[in-house]
Amino acid sequence: MKYFSVRGTRDILNEEALKLRYLEKLGREVFSSYGHREIVIPTFERTELFTRSIGEVSDIVEKEMYTFQDKKSRSLSLRPEGTAGVVRAYIERNLYRENASLRLYYLGPMFRYERPQAGRYREFRQIGAELFGSDNTRSDVEIINVFVDFFGKVGLKEKNFKLYINNVGCESCRKKYKGIFTESMQKNLSNLCVDCQRRFSKNPFRVLDCKNKQCRNYIENVPLISECLCQDCKKKTEEIKEYLQDLDIKYKEDPYLVRGLDYYTGIVFEIKCGKLGAQDAIAAGGRYDNLVKDMGGHSVPAVGCALGLERLLEVVNSEKIDLPIKKELDVYFACLGERALARGVDLAGGLRCNKVSCQVDYNEKSLKAQLKEANRLQAKFTVIIGDEELQKGVVILRDMEKEKQKEVKPGDLMGAIRGDDKSTSQGRVEQRELGNS
Ligand SMILES: [Zn+2]
Ligand SMILES: [Zn+2]
């Protein structure tokens, strides 16, 4: 074996691929039902788009981006998340003109150089939703609701996930808090890790993201932003809590939930699933009222959220949720001999026009071997054609689950596969008729 998949990537096939596609399809339906329209954004962008929007001293930008130079020596990066690209498109395409409160969703692979672990890959898929143009707290709650709704439709129960919320404050709150925080942290700066010391000089709040145990001790003794919120921010938090209650969405306030303070303004939230370990958020988002303006656009408030599809799939599997995935193959054609093959190819073509999936075997194996193959492929039906059937002008249609078979005229094959009662009885009539002729 010469070639192996790159660490942190994986091949998704069979049932897992079907489940993933199902989740994507369901996601599209749920997001559309709230008025979100799909935006397909590029997989790579100029590196500075991400450094500017996500923040230069964030983990993502510092350690996790796949950055490369193209042949014209431009620095490009594979997208580590979707919001930056969506905001770029929003500004570049003047989307604010289109709709006063534009709702967009995106779906696709993201790339981060992280330590691979269960449900976490270096290439992973996200569904994300953004709502531009409204600073009403009802839109924060709607974004949360879209995701909670989606989880419910996937089949997750309330006990399977938990919503955590926090308010990281408006610009003036943060200005005030920055003073308090910096002063308090400064005293302990020499006790913090090297990363924190370096980050502190560039953006003090980045220290809040540090996972180092010793750093956490100091961080947890600093006053919290929730203790420093202005009247307006406090009011907004109360509104959000009230609206969540109205929707019967359970939540927990987590004052340590920060999600990179320089990006978000106001409410931030995470949805965590117990089975994935305490650290693992399956979806995360928040309000970012300054990002569009900071990136060169108009002053447009916005709120958004994204969820990891692989992680969701992990939860679906561990909770043993049965997704209604369609068996891939409707009909397997087991043809014996060259003439039978020609007939099989012809019939399969007709069925495919009626959206019946067909696979024809060309390897001329024995009937037994072909039926075994059909079972392995989980085909719903096998159409068997041999010399005898050719002579009689029929085919044998075998229901693989019921393990029953009958002769069917080629013209009635479609009806018999669909399970129309008419054709089932016809099948028997034909058998008799054929016997008489
Ligand atoms: Zn405030
Ligand atoms: Zn640290």
# chains A, B, ... in the order shown; residues from 1 in each chain; ligands from 1
>>> residues_near_ligand(ligand="ligand 1", cutoff="7 Å", atoms="only C-alpha atoms and all ligand atoms", output="MDAnalysis selection string")
chainID A and resid 169:173 229:233
>>> residues_around(residues="Phe68 in chain A", least_positions_apart="3", cutoff="10 Å", atoms="only C-alpha atoms", output="ChimeraX atom specification")
/A:46-47,65,71,73-78
>>> residues_near_ligand(ligand="ligand 2", cutoff="12 Å", atoms="only C-alpha atoms and all ligand atoms", output="PyMOL selection string")
chain A and resi 59+185+188-200+204-219
>>> residues_around(residues="Asp294 in chain A", least_positions_apart="6", cutoff="12 Å", atoms="only C-alpha atoms", output="compact mmCIF listing (two decimals) with N, CA, C and O atoms, in the first residue's frame")
# COMPACT_ATOMS: atom_id res chain seq x y z
N LEU A 49 -8.57 38.02 5.01
CA LEU A 49 -10.00 38.04 5.35
C LEU A 49 -10.22 37.35 6.70
O LEU A 49 -10.97 37.83 7.54
N ARG A 52 -8.35 39.18 9.69
CA ARG A 52 -9.07 40.39 10.07
C ARG A 52 -10.37 40.07 10.82
O ARG A 52 -10.68 40.68 11.82
N SER A 53 -11.14 39.10 10.32
CA SER A 53 -12.45 38.86 10.92
C SER A 53 -12.38 37.98 12.15
O SER A 53 -13.03 38.25 13.16
N ILE A 54 -11.60 36.94 12.11
CA ILE A 54 -11.56 36.01 13.25
C ILE A 54 -10.66 36.56 14.34
O ILE A 54 -10.88 36.34 15.52
N GLY A 55 -9.63 37.30 13.93
CA GLY A 55 -8.72 37.90 14.91
C GLY A 55 -7.33 37.29 14.80
O GLY A 55 -7.17 36.08 14.79
N ALA A 84 -16.81 34.46 7.88
CA ALA A 84 -15.95 35.44 7.21
C ALA A 84 -16.30 35.55 5.72
O ALA A 84 -16.45 36.66 5.19
N VAL A 87 -19.78 37.15 5.20
CA VAL A 87 -19.73 38.60 5.43
C VAL A 87 -19.04 39.29 4.25
O VAL A 87 -19.49 40.33 3.76
N ARG A 88 -17.96 38.69 3.76
CA ARG A 88 -17.26 39.24 2.59
C ARG A 88 -18.23 39.34 1.41
O ARG A 88 -18.33 40.37 0.73
N ILE A 91 -20.91 42.07 1.77
CA ILE A 91 -20.44 43.41 1.47
C ILE A 91 -20.17 43.55 -0.03
O ILE A 91 -20.64 44.48 -0.68
N ASP A 262 -13.40 39.58 20.69
CA ASP A 262 -13.28 40.68 19.74
C ASP A 262 -14.18 40.48 18.51
O ASP A 262 -14.29 41.34 17.66
N TYR A 263 -14.82 39.39 18.39
CA TYR A 263 -15.63 39.05 17.21
C TYR A 263 -17.10 39.28 17.53
O TYR A 263 -17.85 39.89 16.77
N TYR A 288 -22.85 39.51 16.18
CA TYR A 288 -21.65 40.25 15.78
C TYR A 288 -22.06 41.53 15.05
O TYR A 288 -22.09 41.61 13.84
N VAL A 300 -24.21 47.12 9.80
CA VAL A 300 -25.34 46.20 9.74
C VAL A 300 -25.22 45.19 10.89
O VAL A 300 -24.23 44.45 10.97
N PRO A 301 -26.20 45.17 11.79
CA PRO A 301 -26.14 44.18 12.87
C PRO A 301 -26.36 42.78 12.32
O PRO A 301 -27.02 42.60 11.29
>>> residues_around(residues="Pro80 in chain A", least_positions_apart="6", cutoff="7 Å", atoms="only C-alpha atoms", output="PyMOL selection string")
chain A and resi 65+110-112
>>> write_last_selection(atoms="all heavy atoms", output="PDB file, in the first residue's frame")
ATOM      1  N   MET A  65      -4.937  27.324  10.650  1.00  0.00           N
ATOM      2  CA  MET A  65      -5.307  27.566   9.256  1.00  0.00           C
ATOM      3  C   MET A  65      -4.390  26.854   8.273  1.00  0.00           C
ATOM      4  O   MET A  65      -3.194  26.754   8.483  1.00  0.00           O
ATOM      5  CB  MET A  65      -5.317  29.064   8.973  1.00  0.00           C
ATOM      6  CG  MET A  65      -6.593  29.717   9.468  1.00  0.00           C
ATOM      7  SD  MET A  65      -7.168  30.996   8.367  1.00  0.00           S
ATOM      8  CE  MET A  65      -5.871  32.204   8.533  1.00  0.00           C
ATOM      9  N   MET A 110     -15.029  22.688   5.971  1.00  0.00           N
ATOM     10  CA  MET A 110     -14.154  23.695   6.564  1.00  0.00           C
ATOM     11  C   MET A 110     -12.855  22.955   6.904  1.00  0.00           C
ATOM     12  O   MET A 110     -12.843  21.723   6.987  1.00  0.00           O
ATOM     13  CB  MET A 110     -14.761  24.261   7.860  1.00  0.00           C
ATOM     14  CG  MET A 110     -16.174  24.796   7.713  1.00  0.00           C
ATOM     15  SD  MET A 110     -16.236  26.268   6.693  1.00  0.00           S
ATOM     16  CE  MET A 110     -17.962  26.246   6.202  1.00  0.00           C
ATOM     17  N   PHE A 111     -11.788  23.717   7.110  1.00  0.00           N
ATOM     18  CA  PHE A 111     -10.485  23.077   7.309  1.00  0.00           C
ATOM     19  C   PHE A 111      -9.767  23.704   8.494  1.00  0.00           C
ATOM     20  O   PHE A 111      -9.589  24.912   8.542  1.00  0.00           O
ATOM     21  CB  PHE A 111      -9.641  23.239   6.043  1.00  0.00           C
ATOM     22  CG  PHE A 111     -10.356  22.764   4.801  1.00  0.00           C
ATOM     23  CD1 PHE A 111     -11.208  23.625   4.101  1.00  0.00           C
ATOM     24  CD2 PHE A 111     -10.205  21.466   4.355  1.00  0.00           C
ATOM     25  CE1 PHE A 111     -11.881  23.193   2.966  1.00  0.00           C
ATOM     26  CE2 PHE A 111     -10.880  21.027   3.224  1.00  0.00           C
ATOM     27  CZ  PHE A 111     -11.725  21.888   2.525  1.00  0.00           C
ATOM     28  N   ARG A 112      -9.382  22.854   9.432  1.00  0.00           N
ATOM     29  CA  ARG A 112      -8.611  23.354  10.575  1.00  0.00           C
ATOM     30  C   ARG A 112      -7.571  22.325  10.978  1.00  0.00           C
ATOM     31  O   ARG A 112      -7.891  21.148  11.121  1.00  0.00           O
ATOM     32  CB  ARG A 112      -9.525  23.614  11.786  1.00  0.00           C
ATOM     33  CG  ARG A 112     -10.327  24.882  11.672  1.00  0.00           C
ATOM     34  CD  ARG A 112     -11.086  25.156  12.944  1.00  0.00           C
ATOM     35  NE  ARG A 112     -12.251  25.974  12.659  1.00  0.00           N
ATOM     36  CZ  ARG A 112     -13.154  26.338  13.573  1.00  0.00           C
ATOM     37  NH1 ARG A 112     -13.012  25.934  14.817  1.00  0.00           N
ATOM     38  NH2 ARG A 112     -14.188  27.076  13.235  1.00  0.00           N
TER      39      ARG A 112
END
>>> closest_residue(among="A:Lys25, A:Phe381, A:Ile240, A:Leu351", to="Asp135 in chain A", atoms="only C-alpha atoms")
A:Ile240
>>> closest_residue(among="A:Gly411, A:Gly274, A:Gly266, A:Pro42", to="Ile225 in chain A", atoms="only C-alpha atoms")
A:Gly266
>>> closest_residue(among="A:Thr137, A:His298, A:Ala17, A:Arg287", to="Arg97 in chain A", atoms="only C-alpha atoms")
A:His298
>>> select_by_dssp(residues="range 194-418 of chain A", states="strand (DSSP E)", output="compact mmCIF listing (two decimals) with all heavy atoms, in the first residue's frame")
# COMPACT_ATOMS: atom_id res chain seq x y z
N LYS A 252 -28.88 27.32 29.91
CA LYS A 252 -28.13 27.52 31.13
C LYS A 252 -27.21 28.71 30.87
O LYS A 252 -26.63 28.82 29.79
CB LYS A 252 -27.30 26.26 31.42
CG LYS A 252 -26.89 26.11 32.85
CD LYS A 252 -26.27 24.72 33.04
CE LYS A 252 -25.78 24.48 34.42
NZ LYS A 252 -24.90 25.32 35.10
N GLU A 253 -27.13 29.60 31.84
CA GLU A 253 -26.22 30.73 31.66
C GLU A 253 -24.81 30.30 32.05
O GLU A 253 -24.61 29.68 33.09
CB GLU A 253 -26.67 31.91 32.52
CG GLU A 253 -27.87 32.62 31.92
CD GLU A 253 -28.27 33.83 32.74
OE1 GLU A 253 -27.70 34.91 32.50
OE2 GLU A 253 -29.13 33.68 33.61
N ILE A 267 -25.10 38.63 22.77
CA ILE A 267 -25.31 37.24 23.15
C ILE A 267 -24.35 36.30 22.40
O ILE A 267 -24.09 36.48 21.22
CB ILE A 267 -26.78 36.82 22.86
CG1 ILE A 267 -27.07 35.38 23.30
CG2 ILE A 267 -27.11 36.97 21.40
CD1 ILE A 267 -27.66 35.28 24.65
N VAL A 268 -23.79 35.35 23.12
CA VAL A 268 -23.07 34.23 22.50
C VAL A 268 -23.68 32.95 23.05
O VAL A 268 -24.25 32.95 24.15
CB VAL A 268 -21.56 34.25 22.77
CG1 VAL A 268 -20.89 35.41 22.07
CG2 VAL A 268 -21.27 34.26 24.27
N PHE A 269 -23.61 31.88 22.30
CA PHE A 269 -24.21 30.63 22.78
C PHE A 269 -23.51 29.41 22.19
O PHE A 269 -22.84 29.49 21.17
CB PHE A 269 -25.71 30.58 22.43
CG PHE A 269 -26.02 30.91 21.01
CD1 PHE A 269 -26.02 29.93 20.04
CD2 PHE A 269 -26.29 32.22 20.65
CE1 PHE A 269 -26.30 30.24 18.70
CE2 PHE A 269 -26.57 32.54 19.32
CZ PHE A 269 -26.58 31.55 18.36
N GLU A 270 -23.68 28.31 22.90
CA GLU A 270 -23.14 27.03 22.44
C GLU A 270 -24.16 25.96 22.74
O GLU A 270 -24.85 26.02 23.76
CB GLU A 270 -21.84 26.69 23.18
CG GLU A 270 -20.64 27.37 22.63
CD GLU A 270 -19.33 26.93 23.28
OE1 GLU A 270 -19.37 26.13 24.24
OE2 GLU A 270 -18.29 27.39 22.83
N ILE A 271 -24.27 25.00 21.85
CA ILE A 271 -25.09 23.83 22.14
C ILE A 271 -24.14 22.66 22.29
O ILE A 271 -23.35 22.37 21.40
CB ILE A 271 -26.13 23.58 21.02
CG1 ILE A 271 -27.04 24.80 20.88
CG2 ILE A 271 -26.97 22.34 21.35
CD1 ILE A 271 -28.01 24.74 19.72
N LYS A 272 -24.18 22.04 23.47
CA LYS A 272 -23.26 20.95 23.74
C LYS A 272 -24.02 19.64 23.88
O LYS A 272 -25.16 19.63 24.33
CB LYS A 272 -22.49 21.21 25.03
CG LYS A 272 -21.47 22.32 24.89
CD LYS A 272 -20.73 22.55 26.19
CE LYS A 272 -19.70 23.66 26.01
NZ LYS A 272 -19.01 23.96 27.25
N CYS A 273 -23.35 18.57 23.50
CA CYS A 273 -23.95 17.25 23.67
C CYS A 273 -23.14 16.48 24.67
O CYS A 273 -21.92 16.39 24.56
CB CYS A 273 -23.98 16.52 22.33
SG CYS A 273 -25.31 17.09 21.31
N ALA A 281 -18.69 21.46 21.88
CA ALA A 281 -19.89 22.10 21.38
C ALA A 281 -20.20 21.53 20.01
O ALA A 281 -19.31 21.30 19.20
CB ALA A 281 -19.67 23.60 21.28
N ILE A 282 -21.46 21.26 19.79
CA ILE A 282 -21.88 20.73 18.50
C ILE A 282 -22.29 21.90 17.59
O ILE A 282 -22.17 21.83 16.39
CB ILE A 282 -23.00 19.69 18.72
CG1 ILE A 282 -23.40 19.01 17.44
CG2 ILE A 282 -24.21 20.26 19.39
CD1 ILE A 282 -24.24 17.77 17.72
N ALA A 283 -22.76 22.97 18.22
CA ALA A 283 -23.10 24.18 17.47
C ALA A 283 -22.72 25.39 18.32
O ALA A 283 -22.74 25.32 19.54
CB ALA A 283 -24.59 24.23 17.15
N ALA A 284 -22.34 26.47 17.67
CA ALA A 284 -21.94 27.67 18.40
C ALA A 284 -22.17 28.91 17.56
O ALA A 284 -22.10 28.85 16.34
CB ALA A 284 -20.47 27.58 18.79
N GLY A 285 -22.46 29.99 18.25
CA GLY A 285 -22.66 31.23 17.50
C GLY A 285 -22.86 32.41 18.41
O GLY A 285 -22.63 32.34 19.62
N GLY A 286 -23.32 33.50 17.82
CA GLY A 286 -23.56 34.70 18.61
C GLY A 286 -23.81 35.90 17.74
O GLY A 286 -23.87 35.80 16.52
N ARG A 287 -23.96 37.03 18.41
CA ARG A 287 -24.24 38.28 17.71
C ARG A 287 -22.95 38.99 17.39
O ARG A 287 -22.03 39.02 18.20
CB ARG A 287 -25.15 39.14 18.60
CG ARG A 287 -25.41 40.53 18.06
CD ARG A 287 -26.64 41.15 18.67
NE ARG A 287 -27.86 40.55 18.14
CZ ARG A 287 -28.39 40.86 16.95
NH1 ARG A 287 -27.79 41.73 16.15
NH2 ARG A 287 -29.51 40.29 16.55
N ALA A 302 -25.81 41.78 13.00
CA ALA A 302 -25.98 40.41 12.50
C ALA A 302 -25.82 39.41 13.64
O ALA A 302 -25.20 39.70 14.67
CB ALA A 302 -24.95 40.11 11.41
N VAL A 303 -26.41 38.26 13.42
CA VAL A 303 -26.26 37.17 14.39
C VAL A 303 -26.19 35.87 13.58
O VAL A 303 -26.82 35.75 12.52
CB VAL A 303 -27.43 37.17 15.41
CG1 VAL A 303 -28.79 37.07 14.75
CG2 VAL A 303 -27.26 36.05 16.45
N GLY A 304 -25.38 34.92 14.06
CA GLY A 304 -25.24 33.68 13.30
C GLY A 304 -24.82 32.51 14.16
O GLY A 304 -24.49 32.68 15.34
N CYS A 305 -24.86 31.35 13.55
CA CYS A 305 -24.50 30.13 14.28
C CYS A 305 -24.06 29.08 13.26
O CYS A 305 -24.48 29.12 12.10
CB CYS A 305 -25.72 29.63 15.06
SG CYS A 305 -25.44 28.14 16.03
N ALA A 306 -23.21 28.16 13.69
CA ALA A 306 -22.80 27.07 12.80
C ALA A 306 -22.75 25.77 13.58
O ALA A 306 -22.49 25.78 14.79
CB ALA A 306 -21.44 27.37 12.20
N LEU A 307 -23.03 24.69 12.91
CA LEU A 307 -22.93 23.39 13.59
C LEU A 307 -22.06 22.43 12.80
O LEU A 307 -21.97 22.52 11.58
CB LEU A 307 -24.32 22.80 13.83
CG LEU A 307 -25.04 21.98 12.78
CD1 LEU A 307 -24.66 20.52 12.86
CD2 LEU A 307 -26.52 22.13 12.93
N GLY A 308 -21.39 21.55 13.52
CA GLY A 308 -20.51 20.56 12.89
C GLY A 308 -21.29 19.30 12.55
O GLY A 308 -21.84 18.66 13.44
N VAL A 331 -33.07 -2.05 -7.63
CA VAL A 331 -33.11 -3.32 -8.38
C VAL A 331 -31.71 -3.76 -8.80
O VAL A 331 -30.93 -2.97 -9.36
CB VAL A 331 -33.98 -3.17 -9.65
CG1 VAL A 331 -34.07 -4.52 -10.38
CG2 VAL A 331 -35.38 -2.67 -9.30
N TYR A 332 -31.42 -5.00 -8.50
CA TYR A 332 -30.19 -5.62 -8.98
C TYR A 332 -30.56 -6.57 -10.11
O TYR A 332 -31.51 -7.35 -9.97
CB TYR A 332 -29.53 -6.37 -7.83
CG TYR A 332 -28.23 -7.06 -8.20
CD1 TYR A 332 -27.02 -6.40 -8.06
CD2 TYR A 332 -28.22 -8.37 -8.68
CE1 TYR A 332 -25.82 -7.00 -8.39
CE2 TYR A 332 -27.03 -8.99 -9.01
CZ TYR A 332 -25.83 -8.31 -8.86
OH TYR A 332 -24.65 -8.92 -9.19
N PHE A 333 -29.88 -6.47 -11.22
CA PHE A 333 -30.18 -7.34 -12.36
C PHE A 333 -29.21 -8.51 -12.39
O PHE A 333 -28.00 -8.31 -12.51
CB PHE A 333 -30.07 -6.56 -13.68
CG PHE A 333 -31.32 -5.82 -14.02
CD1 PHE A 333 -31.63 -4.62 -13.42
CD2 PHE A 333 -32.22 -6.34 -14.95
CE1 PHE A 333 -32.79 -3.93 -13.73
CE2 PHE A 333 -33.39 -5.67 -15.27
CZ PHE A 333 -33.69 -4.46 -14.65
N ALA A 334 -29.75 -9.71 -12.25
CA ALA A 334 -28.93 -10.91 -12.37
C ALA A 334 -29.27 -11.55 -13.71
O ALA A 334 -30.34 -12.14 -13.88
CB ALA A 334 -29.24 -11.86 -11.21
N CYS A 335 -28.39 -11.38 -14.68
CA CYS A 335 -28.65 -11.87 -16.04
C CYS A 335 -27.70 -13.03 -16.34
O CYS A 335 -26.52 -12.97 -16.01
CB CYS A 335 -28.43 -10.75 -17.06
SG CYS A 335 -29.43 -9.30 -16.69
N CYS A 358 -30.92 1.08 -10.57
CA CYS A 358 -30.65 -0.28 -11.04
C CYS A 358 -29.16 -0.50 -11.18
O CYS A 358 -28.43 0.40 -11.53
CB CYS A 358 -31.26 -0.48 -12.42
SG CYS A 358 -33.02 -0.27 -12.50
N GLN A 359 -28.75 -1.71 -10.89
CA GLN A 359 -27.37 -2.09 -11.14
C GLN A 359 -27.37 -3.42 -11.89
O GLN A 359 -28.03 -4.37 -11.48
CB GLN A 359 -26.62 -2.22 -9.81
CG GLN A 359 -25.17 -2.62 -9.98
CD GLN A 359 -24.40 -2.57 -8.67
OE1 GLN A 359 -24.64 -1.72 -7.82
NE2 GLN A 359 -23.48 -3.50 -8.51
N VAL A 360 -26.64 -3.44 -12.99
CA VAL A 360 -26.56 -4.67 -13.79
C VAL A 360 -25.19 -5.29 -13.59
O VAL A 360 -24.18 -4.59 -13.62
CB VAL A 360 -26.78 -4.35 -15.29
CG1 VAL A 360 -26.85 -5.65 -16.10
CG2 VAL A 360 -28.04 -3.52 -15.49
N PHE A 381 -35.00 -5.37 -4.76
CA PHE A 381 -35.45 -6.41 -5.69
C PHE A 381 -34.28 -6.94 -6.51
O PHE A 381 -33.30 -6.22 -6.71
CB PHE A 381 -36.48 -5.85 -6.68
CG PHE A 381 -37.75 -5.40 -6.05
CD1 PHE A 381 -37.94 -4.05 -5.76
CD2 PHE A 381 -38.78 -6.30 -5.76
CE1 PHE A 381 -39.12 -3.60 -5.17
CE2 PHE A 381 -39.95 -5.85 -5.18
CZ PHE A 381 -40.13 -4.50 -4.88
N THR A 382 -34.42 -8.17 -6.97
CA THR A 382 -33.52 -8.65 -8.00
C THR A 382 -34.37 -9.07 -9.19
O THR A 382 -35.41 -9.72 -9.02
CB THR A 382 -32.70 -9.86 -7.51
OG1 THR A 382 -31.94 -9.45 -6.36
CG2 THR A 382 -31.74 -10.35 -8.58
N VAL A 383 -33.96 -8.63 -10.36
CA VAL A 383 -34.61 -9.10 -11.58
C VAL A 383 -33.72 -10.19 -12.16
O VAL A 383 -32.52 -9.96 -12.39
CB VAL A 383 -34.81 -7.95 -12.59
CG1 VAL A 383 -35.20 -8.51 -13.96
CG2 VAL A 383 -35.88 -6.98 -12.09
N ILE A 384 -34.30 -11.38 -12.31
CA ILE A 384 -33.51 -12.51 -12.82
C ILE A 384 -33.94 -12.79 -14.26
O ILE A 384 -35.14 -12.91 -14.55
CB ILE A 384 -33.74 -13.76 -11.95
CG1 ILE A 384 -33.35 -13.45 -10.49
CG2 ILE A 384 -32.93 -14.95 -12.49
CD1 ILE A 384 -33.87 -14.47 -9.49
N ILE A 385 -32.99 -12.85 -15.16
CA ILE A 385 -33.28 -13.16 -16.56
C ILE A 385 -32.34 -14.27 -17.03
O ILE A 385 -31.11 -14.11 -16.96
CB ILE A 385 -33.11 -11.93 -17.48
CG1 ILE A 385 -33.83 -10.69 -16.89
CG2 ILE A 385 -33.65 -12.23 -18.87
CD1 ILE A 385 -33.56 -9.40 -17.65
N VAL A 395 -39.68 -11.80 -16.99
CA VAL A 395 -38.49 -11.78 -16.12
C VAL A 395 -38.96 -12.25 -14.75
O VAL A 395 -40.17 -12.25 -14.46
CB VAL A 395 -37.88 -10.36 -15.99
CG1 VAL A 395 -37.42 -9.85 -17.34
CG2 VAL A 395 -38.87 -9.40 -15.35
N ILE A 396 -38.05 -12.67 -13.91
CA ILE A 396 -38.42 -13.03 -12.54
C ILE A 396 -38.09 -11.85 -11.64
O ILE A 396 -36.96 -11.32 -11.68
CB ILE A 396 -37.66 -14.29 -12.07
CG1 ILE A 396 -38.14 -15.49 -12.88
CG2 ILE A 396 -37.89 -14.54 -10.57
CD1 ILE A 396 -37.35 -16.75 -12.65
N LEU A 397 -39.08 -11.40 -10.91
CA LEU A 397 -38.86 -10.30 -9.97
C LEU A 397 -38.83 -10.89 -8.57
O LEU A 397 -39.80 -11.47 -8.10
CB LEU A 397 -39.97 -9.26 -10.08
CG LEU A 397 -39.83 -8.06 -9.14
CD1 LEU A 397 -38.62 -7.21 -9.49
CD2 LEU A 397 -41.09 -7.21 -9.14
N ARG A 398 -37.70 -10.75 -7.90
CA ARG A 398 -37.55 -11.33 -6.57
C ARG A 398 -37.51 -10.22 -5.52
O ARG A 398 -36.67 -9.30 -5.60
CB ARG A 398 -36.26 -12.15 -6.49
CG ARG A 398 -36.05 -12.84 -5.15
CD ARG A 398 -34.81 -13.73 -5.17
NE ARG A 398 -34.54 -14.28 -3.84
CZ ARG A 398 -35.15 -15.36 -3.35
NH1 ARG A 398 -36.06 -16.00 -4.07
NH2 ARG A 398 -34.85 -15.80 -2.13
N ASP A 399 -38.46 -10.27 -4.60
CA ASP A 399 -38.46 -9.34 -3.47
C ASP A 399 -37.45 -9.86 -2.46
O ASP A 399 -37.65 -10.91 -1.86
CB ASP A 399 -39.87 -9.27 -2.84
CG ASP A 399 -39.96 -8.19 -1.78
OD1 ASP A 399 -39.02 -8.11 -0.96
OD2 ASP A 399 -40.96 -7.46 -1.76
N LYS A 404 -39.55 -13.63 -1.81
CA LYS A 404 -40.57 -14.21 -2.68
C LYS A 404 -40.32 -13.74 -4.10
O LYS A 404 -39.88 -12.61 -4.30
CB LYS A 404 -41.97 -13.75 -2.24
CG LYS A 404 -42.49 -14.59 -1.09
CD LYS A 404 -43.90 -14.18 -0.73
CE LYS A 404 -44.39 -15.00 0.46
NZ LYS A 404 -45.47 -14.36 1.17
N GLN A 405 -40.61 -14.60 -5.06
CA GLN A 405 -40.42 -14.16 -6.44
C GLN A 405 -41.59 -14.56 -7.32
O GLN A 405 -42.36 -15.46 -6.98
CB GLN A 405 -39.10 -14.71 -6.99
CG GLN A 405 -39.01 -16.22 -7.02
CD GLN A 405 -37.62 -16.66 -7.46
OE1 GLN A 405 -36.62 -16.20 -6.91
NE2 GLN A 405 -37.56 -17.53 -8.46
N LYS A 406 -41.71 -13.82 -8.43
CA LYS A 406 -42.79 -14.13 -9.36
C LYS A 406 -42.37 -13.72 -10.76
O LYS A 406 -41.45 -12.90 -10.92
CB LYS A 406 -44.06 -13.38 -8.95
CG LYS A 406 -43.91 -11.87 -9.03
CD LYS A 406 -45.14 -11.15 -8.53
CE LYS A 406 -44.90 -9.66 -8.55
NZ LYS A 406 -45.80 -8.90 -7.73
N GLU A 407 -43.06 -14.29 -11.73
CA GLU A 407 -42.77 -13.89 -13.11
C GLU A 407 -43.56 -12.63 -13.42
O GLU A 407 -44.73 -12.51 -13.06
CB GLU A 407 -43.18 -15.02 -14.07
CG GLU A 407 -42.20 -16.17 -14.06
CD GLU A 407 -42.56 -17.25 -15.08
OE1 GLU A 407 -43.64 -17.14 -15.70
OE2 GLU A 407 -41.78 -18.18 -15.23
N VAL A 408 -42.94 -11.74 -14.11
CA VAL A 408 -43.59 -10.48 -14.48
C VAL A 408 -43.27 -10.19 -15.94
O VAL A 408 -42.14 -10.45 -16.39
CB VAL A 408 -43.06 -9.31 -13.60
CG1 VAL A 408 -43.74 -8.01 -13.97
CG2 VAL A 408 -43.27 -9.61 -12.13
>>> select_by_dssp(residues="range 268-308 of chain A", states="alpha helix (DSSP H)", output="count of residues only")
4
>>> atom_distance(atom1="CA of Val168 in chain A", atom2="CA of Asp248 in chain A")
23.6 Å
>>> closest_residue(among="A:Phe181, A:Leu329, A:Gly128, A:Glu123", to="Ile12 in chain A", atoms="only C-alpha atoms")
A:Glu123
>>> closest_residue(among="A:Phe150, A:Phe124, A:Tyr251, A:Phe44", to="Leu107 in chain A", atoms="only C-alpha atoms")
A:Phe124
